[in-house]
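Q: Handing you this structure, nothing more for now.
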Amino acid sequence: MMKFYKQFISTVGLCLFSLHASAYDINEKSSINTYISQGVMYVPDNPFIGMEDVSFEVRGVGINANYQVDDKLRFSTHILSKKAGDALDGTPKINMLLADYKFFQENSMDFGIRIGRIQNHYGIYNSTRYVPNSRPGIIVPQSVYFDSTFRELMMSSDGVNLYAETFNNTGAYALNVYAGNREVEQEAFEVFVFKKKTPGDFKESSIKGLKLDYVPNSEHNLNFSYSLASFSSTLENTPFFTATQVSDANAMIADNPQLRSDYVTSFKADILVQLLSAQYGVDNWLFTTEYLRANSKNSDTSILYSDQKNQSFESEAYYLQAEYLGLRNLTVYARLDYLYTDTTDRYGKKAYADGILPVSYLGYGEGRTVGMRWHIMPELTLSAQYTRNSGTAWLPGTEGVSAKEYKEHWDWYSCRLTYEF
Amino acid sequence: MHLYVSSFKGLYRFLIILSCLLLFSFQKVYADIQVIVHPSAETESITGKQLRHIYSIQYKRWANDKKIRVITLHPQNELFKKMSINHMKIQPYVLSRQWNRLKYSGTSMVPIVVRDEDEMISVVKRLPGAIGYISTDKNILGLPLLKVEIK
């Protein structure tokens, strides 16, 4: 009960602060933007982050503030309180808090550095994914943004970001290089690596990455980008087993290979993600596509103190999206998402036969989405979305529910009202 | 008598609903656009390409090295849409999404969004280096503003 009150007070506090702050919005040196959103979700076929039937436990309050000290120095922050079923409890979190220093600037060229909790530059939507109306629809494309598994890890890191921006006769270019650390959403990371919750903790991940953006001068409604990001995390606080326990556990593993991950005594995960993005606006249509290729390498692995062979596998994901913006105050969109966690075993059949996956369809995700956003007023929008999913690769795990209890084909309905000021 | 009043009540309701629908369906028709700047910008003309670079936050300084302050109407405003498509040759939603990316990723200051054309005039008048746009039916004669020719 105390926890509920604490979250309630902090969320109301954030709302009151944002209402007060918005009065000072227009200023040549500072800007404050705030949003409040309330959603409703219905996932009738599968357990979904503790939500049952129609759930209103999806809401958020966010504040984004920028302060330009002088021509070279700027501060920027984003604080978000988000409630989403059992996955996010509404406690306000700092998504971004950075100092930006431009050490060189001319009209067509900028070089600078950002330090603090920086945004990870990745794909088209990563840097704005926490702002409801900056996303395409209600959620970012699940195939390449991993909203239900690596949300925090993908969004920002505590570190340094060097950047360069320039434009010439061929177009506009931007390069961001960054490195840092971020705490890991332990359970989601364990489920991604071991396909279930296991003893031991992934506490922190190191993150390194770069992103190159290009907008051609010949067609400024077109943009391309290439993102590269690497994540590395080591399993800590693994359990201790006596010689007798090791012997007993080995016998159990021989009977049921899926128990192997319960007895991991050391493990390191390295994930290298490459993402190609393209977006093209023509008349009232906006087309977006992103293609991901990820290499996951498991090393330093031991099970019951017995060293294991290093393993690596390639994942592939992409989505195609079309938005129509030609209707008055209304945007409609459709999207196809595809994610295959192992390109050599796209539908997880081999992994299931080998006892690696509890069900084959945990190895892939396919989604067909339609949705709309109605701009009731400039500040007020209503969004609605429906997704028909196959596979459970992007379905977040729910405590106490085994992967076998999930259905392969499942629907996801959502609706959200957002007020921005 | 009662029937007479009731039938008029129905007519009044019908007229009120019709008026609301008409008000809702009519969009304000704007005259053409004029670009305005603070006199400190010392600029007499501008090309559509330069406007696009300015509103894309790529050009950051005027020729006299004065910092450019970009002012805009809300991206849902029809005048903004007209300005984007007709003069900057960029889709309005592409531009507004660029601003969202810059704003929410903490990578840059973005245009100051004003409520209407009167506020646009007031802000551009007040801020050194400011640039904005209004419809040509707005009279700015006598105000400390420069009207810039779009080439």
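How things are named: the first chain in the structure tokens is A, the next is B, and so on; residues count from 1 in each chain; ligands count from 1 in the order shown.
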Which of segment 124-356 of chain A end up as alpha helix (DSSP H) when DSSP is run on this backbone - answer as a count of residues only?
A: 36
Q: Find the residues around Ala63 of chain B up to 12 Å (only C-alpha atoms counted), leave out those fewer than 4 positions away in its own chain, and share them as a list in words.
A: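 That gives Glu106 and Asn107 of chain A; Ser40, Ala41, Glu42, Thr43, Glu44, Ser45, Ile46, Gln50, Tyr59, Lys67, Ile68 and Gly129 of chain B.
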Q: In terms of the shortest atom-to-atom distance over only C-alpha atoms, which of A:Tyr318, A:Arg293, A:Asp283, A:Ile124 is closest to Gln98 of chain B?
A: A:Ile124
Q: Output as a ChimeraX atom specification the set of chain A residues within 9 Å of chain B, with distances taken over only C-alpha atoms.
A: /A:25-31,64-68,71,74-78,96-98,100,106-109,114,118-121,124-131,134,165-167,172,219-222,280-284,286,325,329,375,377-378
Q: For segment 367-371 of chain A, please output as number ranges by chain all residues within 6 Å (counting only C-alpha atoms; exclusion window: fewer than 3 positions along the same chain).
A: A: 332-337, 384-389
Q: Can I get the selected residues back with C-alpha atoms, as a compact mmCIF listing (two decimals), in the first residue's frame?
A:
# COMPACT_ATOMS: atom_id res chain seq x y z
CA VAL A 332 -3.91 6.02 -40.49
CA TYR A 333 -1.16 3.43 -40.78
CA ALA A 334 -0.39 -0.22 -41.39
CA ARG A 335 2.72 -2.19 -40.53
CA LEU A 336 4.19 -5.64 -41.03
CA ASP A 337 6.80 -6.77 -38.45
CA ALA A 384 -6.03 3.18 -31.57
CA GLN A 385 -4.18 0.12 -32.81
CA TYR A 386 -4.75 -3.56 -33.48
CA THR A 387 -2.03 -6.14 -34.02
CA ARG A 388 -2.44 -9.78 -35.00
CA ASN A 389 0.69 -11.59 -33.82
Q: Apply DSSP to the backbone of this structure and, from segment 237-321 of chain A, keep only the residues in strand (DSSP E or B); write these as a CSV table (one decimal) with N, CA, C and O atoms, in the first residue's frame.
A:
chain,number,residue,atom,x,y,z
A,264,VAL,N,23.6,-22.7,-14.6
A,264,VAL,CA,24.7,-21.9,-15.2
A,264,VAL,C,25.6,-21.3,-14.1
A,264,VAL,O,25.1,-20.6,-13.2
A,265,THR,N,26.9,-21.5,-14.2
A,265,THR,CA,27.8,-21.0,-13.1
A,265,THR,C,28.6,-19.8,-13.6
A,265,THR,O,29.2,-19.1,-12.8
A,266,SER,N,28.7,-19.6,-14.9
A,266,SER,CA,29.3,-18.4,-15.5
A,266,SER,C,28.8,-18.2,-16.9
A,266,SER,O,28.5,-19.2,-17.6
A,267,PHE,N,28.7,-16.9,-17.3
A,267,PHE,CA,28.2,-16.6,-18.6
A,267,PHE,C,28.4,-15.2,-19.0
A,267,PHE,O,28.4,-14.3,-18.2
A,268,LYS,N,28.8,-15.0,-20.3
A,268,LYS,CA,28.9,-13.6,-20.8
A,268,LYS,C,28.2,-13.5,-22.1
A,268,LYS,O,28.3,-14.4,-23.0
A,269,ALA,N,27.4,-12.5,-22.3
A,269,ALA,CA,26.6,-12.3,-23.5
A,269,ALA,C,27.1,-11.1,-24.2
A,269,ALA,O,27.3,-10.0,-23.6
A,270,ASP,N,27.4,-11.2,-25.5
A,270,ASP,CA,27.8,-10.0,-26.3
A,270,ASP,C,26.9,-10.0,-27.5
A,270,ASP,O,26.8,-11.0,-28.3
A,271,ILE,N,26.2,-8.9,-27.7
A,271,ILE,CA,25.3,-8.7,-28.8
A,271,ILE,C,25.7,-7.6,-29.7
A,271,ILE,O,25.9,-6.4,-29.2
A,272,LEU,N,25.8,-7.8,-30.9
A,272,LEU,CA,26.2,-6.7,-31.9
A,272,LEU,C,25.0,-6.6,-32.9
A,272,LEU,O,24.6,-7.5,-33.5
A,273,VAL,N,24.4,-5.4,-32.9
A,273,VAL,CA,23.2,-5.1,-33.7
A,273,VAL,C,23.6,-4.1,-34.8
A,273,VAL,O,24.2,-3.1,-34.5
A,274,GLN,N,23.1,-4.4,-36.0
A,274,GLN,CA,23.3,-3.5,-37.1
A,274,GLN,C,21.9,-3.2,-37.7
A,274,GLN,O,21.1,-4.1,-37.8
A,275,LEU,N,21.6,-1.9,-37.9
A,275,LEU,CA,20.2,-1.6,-38.4
A,275,LEU,C,20.3,-0.6,-39.5
A,275,LEU,O,21.0,0.5,-39.4
A,276,LEU,N,19.7,-0.9,-40.6
A,276,LEU,CA,19.6,0.0,-41.8
A,276,LEU,C,18.2,0.6,-41.8
A,276,LEU,O,17.2,-0.2,-41.6
A,277,SER,N,18.1,1.9,-41.9
A,277,SER,CA,16.7,2.5,-41.9
A,277,SER,C,16.5,3.4,-43.1
A,277,SER,O,17.5,4.1,-43.6
A,278,ALA,N,15.3,3.5,-43.5
A,278,ALA,CA,15.0,4.4,-44.6
A,278,ALA,C,13.5,4.9,-44.4
A,278,ALA,O,12.7,4.2,-44.0
A,279,GLN,N,13.3,6.2,-44.8
A,279,GLN,CA,12.0,6.8,-44.6
A,279,GLN,C,11.8,7.7,-45.8
A,279,GLN,O,12.7,8.5,-46.2
A,280,TYR,N,10.6,7.7,-46.4
A,280,TYR,CA,10.3,8.5,-47.6
A,280,TYR,C,8.9,9.1,-47.5
A,280,TYR,O,7.9,8.3,-47.4
A,281,GLY,N,8.8,10.4,-47.6
A,281,GLY,CA,7.5,11.0,-47.6
A,281,GLY,C,7.2,11.5,-49.0
A,281,GLY,O,8.0,12.2,-49.6
A,282,VAL,N,6.1,11.1,-49.5
A,282,VAL,CA,5.6,11.5,-50.8
A,282,VAL,C,4.2,11.8,-50.8
A,282,VAL,O,3.3,11.0,-50.4
A,285,TRP,N,1.7,10.4,-48.1
A,285,TRP,CA,2.2,9.1,-47.7
A,285,TRP,C,3.6,9.2,-47.0
A,285,TRP,O,4.4,9.9,-47.6
A,286,LEU,N,3.8,8.5,-46.0
A,286,LEU,CA,5.1,8.3,-45.4
A,286,LEU,C,5.4,6.8,-45.2
A,286,LEU,O,4.7,6.1,-44.5
A,287,PHE,N,6.4,6.4,-45.9
A,287,PHE,CA,6.8,5.0,-45.9
A,287,PHE,C,8.1,4.8,-45.1
A,287,PHE,O,9.1,5.6,-45.2
A,288,THR,N,8.1,3.8,-44.2
A,288,THR,CA,9.3,3.6,-43.4
A,288,THR,C,9.6,2.1,-43.4
A,288,THR,O,8.7,1.3,-43.3
A,289,THR,N,10.9,1.8,-43.4
A,289,THR,CA,11.4,0.5,-43.3
A,289,THR,C,12.7,0.4,-42.6
A,289,THR,O,13.5,1.3,-42.7
A,290,GLU,N,12.9,-0.6,-41.7
A,290,GLU,CA,14.2,-0.8,-41.0
A,290,GLU,C,14.5,-2.3,-41.0
A,290,GLU,O,13.6,-3.1,-40.9
A,291,TYR,N,15.8,-2.6,-41.3
A,291,TYR,CA,16.2,-4.0,-41.3
A,291,TYR,C,17.3,-4.2,-40.3
A,291,TYR,O,18.3,-3.5,-40.3
A,292,LEU,N,17.1,-5.2,-39.5
A,292,LEU,CA,18.1,-5.5,-38.4
A,292,LEU,C,18.8,-6.8,-38.6
A,292,LEU,O,18.2,-7.8,-39.0
A,293,ARG,N,20.1,-6.8,-38.3
A,293,ARG,CA,20.8,-8.0,-38.2
A,293,ARG,C,21.6,-8.0,-36.9
A,293,ARG,O,22.3,-7.0,-36.6
A,294,ALA,N,21.4,-9.0,-36.1
A,294,ALA,CA,22.1,-9.0,-34.8
A,294,ALA,C,22.9,-10.3,-34.6
A,294,ALA,O,22.4,-11.4,-35.0
A,295,ASN,N,24.1,-10.2,-34.1
A,295,ASN,CA,24.9,-11.4,-33.8
A,295,ASN,C,25.0,-11.5,-32.2
A,295,ASN,O,25.5,-10.6,-31.6
A,296,SER,N,24.6,-12.6,-31.7
A,296,SER,CA,24.6,-12.8,-30.3
A,296,SER,C,25.7,-13.9,-30.0
A,296,SER,O,25.6,-15.0,-30.6
A,297,LYS,N,26.6,-13.6,-29.1
A,297,LYS,CA,27.7,-14.5,-28.9
A,297,LYS,C,27.7,-14.8,-27.4
A,297,LYS,O,27.7,-13.9,-26.5
A,298,ASN,N,27.7,-16.1,-27.0
A,298,ASN,CA,27.7,-16.5,-25.6
A,298,ASN,C,29.1,-17.1,-25.4
A,298,ASN,O,29.6,-18.0,-26.0
A,299,SER,N,29.8,-16.5,-24.4
A,299,SER,CA,31.2,-17.0,-24.1
A,299,SER,C,31.4,-17.2,-22.6
A,299,SER,O,30.5,-16.8,-21.8
A,300,ASP,N,32.5,-17.7,-22.2
A,300,ASP,CA,32.9,-17.9,-20.8
A,300,ASP,C,31.7,-18.7,-20.1
A,300,ASP,O,31.4,-18.5,-18.9
A,301,THR,N,31.1,-19.6,-20.8
A,301,THR,CA,29.9,-20.3,-20.3
A,301,THR,C,30.4,-21.6,-19.5
A,301,THR,O,31.2,-22.3,-20.0
A,302,SER,N,29.9,-21.7,-18.3
A,302,SER,CA,30.1,-23.0,-17.6
A,302,SER,C,28.8,-23.4,-17.0
A,302,SER,O,28.0,-22.6,-16.5
A,303,ILE,N,28.5,-24.7,-17.0
A,303,ILE,CA,27.3,-25.2,-16.4
A,303,ILE,C,27.8,-26.2,-15.4
A,303,ILE,O,28.5,-27.2,-15.7
A,306,SER,N,31.4,-26.8,-15.4
A,306,SER,CA,32.0,-27.5,-16.5
A,306,SER,C,32.0,-26.5,-17.7
A,306,SER,O,30.9,-26.1,-18.1
A,307,ASP,N,33.2,-26.2,-18.3
A,307,ASP,CA,33.2,-25.2,-19.4
A,307,ASP,C,32.5,-25.7,-20.6
A,307,ASP,O,32.5,-26.9,-20.9
A,311,GLN,N,29.1,-20.1,-28.2
A,311,GLN,CA,28.0,-20.3,-29.2
A,311,GLN,C,27.7,-18.9,-29.8
A,311,GLN,O,27.9,-17.9,-29.1
A,312,SER,N,27.3,-18.9,-31.0
A,312,SER,CA,26.9,-17.6,-31.6
A,312,SER,C,25.7,-17.9,-32.6
A,312,SER,O,25.7,-19.0,-33.1
A,313,PHE,N,24.8,-17.0,-32.7
A,313,PHE,CA,23.7,-17.1,-33.6
A,313,PHE,C,23.3,-15.7,-34.2
A,313,PHE,O,23.6,-14.7,-33.5
A,314,GLU,N,22.8,-15.7,-35.3
A,314,GLU,CA,22.4,-14.5,-36.0
A,314,GLU,C,20.8,-14.3,-35.9
A,314,GLU,O,20.1,-15.3,-36.2
A,315,SER,N,20.4,-13.1,-35.6
A,315,SER,CA,19.0,-12.8,-35.6
A,315,SER,C,18.7,-11.9,-36.8
A,315,SER,O,19.6,-11.1,-37.2
A,316,GLU,N,17.5,-11.9,-37.3
A,316,GLU,CA,17.1,-11.0,-38.4
A,316,GLU,C,15.7,-10.4,-38.1
A,316,GLU,O,14.9,-11.2,-37.6
A,317,ALA,N,15.6,-9.2,-38.3
A,317,ALA,CA,14.2,-8.5,-38.1
A,317,ALA,C,14.0,-7.4,-39.1
A,317,ALA,O,15.0,-6.8,-39.5
A,318,TYR,N,12.8,-7.1,-39.4
A,318,TYR,CA,12.5,-6.0,-40.3
A,318,TYR,C,11.0,-5.6,-40.2
A,318,TYR,O,10.2,-6.5,-39.8
A,319,TYR,N,10.7,-4.4,-40.6
A,319,TYR,CA,9.3,-4.1,-40.7
A,319,TYR,C,9.1,-3.1,-41.9
A,319,TYR,O,10.1,-2.5,-42.3
A,320,LEU,N,7.9,-3.1,-42.4
A,320,LEU,CA,7.5,-2.2,-43.5
A,320,LEU,C,6.3,-1.5,-43.0
A,320,LEU,O,5.4,-2.1,-42.5
A,321,GLN,N,6.3,-0.2,-43.1
A,321,GLN,CA,5.2,0.6,-42.6
A,321,GLN,C,4.8,1.7,-43.5
A,321,GLN,O,5.6,2.4,-44.2
Q: Using atom CA of Lys93 of chain A and atom CA of Cys415 of chain A as the two end points, give the distance in Å to one decimal.
A: 23.8 Å
Q: Give me, please, the distance in Å between atom CA of Val61 of chain A and atom CA of Pro396 of chain A, quoted to one decimal.
A: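 Between these atoms lies a distance of 22.4 Å.
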Q: Can you measure atom CA of Leu73 of chain B to atom CA of Lys138 of chain B for me? One decimal in Å is fine.
A: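 These atoms are spaced 14.9 Å apart.
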Q: May I have the residues within 9 Å of Glu405 of chain A as a ChimeraX atom specification, using only C-alpha atoms and disregarding those fewer than 2 positions away in the same chain?
A: /A:46-47,401-403,407
Q: Export all heavy atoms of the chosen residues as a PDB file, in the first residue's frame?
A:
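Saved to part-v3.pdb:
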ATOM      1  N   ASN A  46      -3.323 -14.133 -24.454  1.00  0.00           N
ATOM      2  CA  ASN A  46      -2.152 -14.487 -23.651  1.00  0.00           C
ATOM      3  C   ASN A  46      -2.033 -13.610 -22.413  1.00  0.00           C
ATOM      4  O   ASN A  46      -2.495 -12.467 -22.425  1.00  0.00           O
ATOM      5  CB  ASN A  46      -0.875 -14.295 -24.488  1.00  0.00           C
ATOM      6  CG  ASN A  46      -0.612 -15.465 -25.405  1.00  0.00           C
ATOM      7  OD1 ASN A  46      -0.938 -16.601 -25.087  1.00  0.00           O
ATOM      8  ND2 ASN A  46      -0.034 -15.198 -26.555  1.00  0.00           N
ATOM      9  N   PRO A  47      -1.373 -14.134 -21.349  1.00  0.00           N
ATOM     10  CA  PRO A  47      -1.078 -13.258 -20.209  1.00  0.00           C
ATOM     11  C   PRO A  47      -0.160 -12.144 -20.688  1.00  0.00           C
ATOM     12  O   PRO A  47       0.721 -12.379 -21.515  1.00  0.00           O
ATOM     13  CB  PRO A  47      -0.330 -14.180 -19.233  1.00  0.00           C
ATOM     14  CG  PRO A  47      -0.544 -15.564 -19.726  1.00  0.00           C
ATOM     15  CD  PRO A  47      -0.811 -15.480 -21.192  1.00  0.00           C
ATOM     16  N   VAL A 401       4.256 -17.643 -15.199  1.00  0.00           N
ATOM     17  CA  VAL A 401       3.634 -18.242 -16.390  1.00  0.00           C
ATOM     18  C   VAL A 401       4.737 -18.820 -17.269  1.00  0.00           C
ATOM     19  O   VAL A 401       5.670 -18.108 -17.653  1.00  0.00           O
ATOM     20  CB  VAL A 401       2.828 -17.186 -17.201  1.00  0.00           C
ATOM     21  CG1 VAL A 401       2.144 -17.841 -18.397  1.00  0.00           C
ATOM     22  CG2 VAL A 401       1.820 -16.482 -16.320  1.00  0.00           C
ATOM     23  N   SER A 402       4.669 -20.110 -17.558  1.00  0.00           N
ATOM     24  CA  SER A 402       5.713 -20.711 -18.391  1.00  0.00           C
ATOM     25  C   SER A 402       5.406 -20.447 -19.864  1.00  0.00           C
ATOM     26  O   SER A 402       4.249 -20.233 -20.244  1.00  0.00           O
ATOM     27  CB  SER A 402       5.808 -22.212 -18.126  1.00  0.00           C
ATOM     28  OG  SER A 402       4.862 -22.890 -18.901  1.00  0.00           O
ATOM     29  N   ALA A 403       6.469 -20.491 -20.686  1.00  0.00           N
ATOM     30  CA  ALA A 403       6.323 -20.191 -22.121  1.00  0.00           C
ATOM     31  C   ALA A 403       5.327 -21.120 -22.795  1.00  0.00           C
ATOM     32  O   ALA A 403       4.691 -20.760 -23.784  1.00  0.00           O
ATOM     33  CB  ALA A 403       7.679 -20.275 -22.791  1.00  0.00           C
ATOM     34  N   LYS A 407      -0.188 -18.804 -26.155  1.00  0.00           N
ATOM     35  CA  LYS A 407      -0.670 -19.243 -27.470  1.00  0.00           C
ATOM     36  C   LYS A 407       0.219 -18.651 -28.557  1.00  0.00           C
ATOM     37  O   LYS A 407       0.715 -17.526 -28.405  1.00  0.00           O
ATOM     38  CB  LYS A 407      -2.105 -18.760 -27.692  1.00  0.00           C
ATOM     39  CG  LYS A 407      -3.118 -19.506 -26.846  1.00  0.00           C
ATOM     40  CD  LYS A 407      -4.500 -18.962 -27.125  1.00  0.00           C
ATOM     41  CE  LYS A 407      -5.483 -19.534 -26.133  1.00  0.00           C
ATOM     42  NZ  LYS A 407      -6.696 -18.733 -26.040  1.00  0.00           N
TER      43      LYS A 407
END
Q: Between A:Gly180, A:Pro358, A:Asp45, A:Asn169, which has the minimum distance to Asn256 of chain A (counting only C-alpha atoms)?
A: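 Comparing A:Gly180, A:Pro358, A:Asp45, A:Asn169 against Asn256 of chain A, the winner is A:Pro358.
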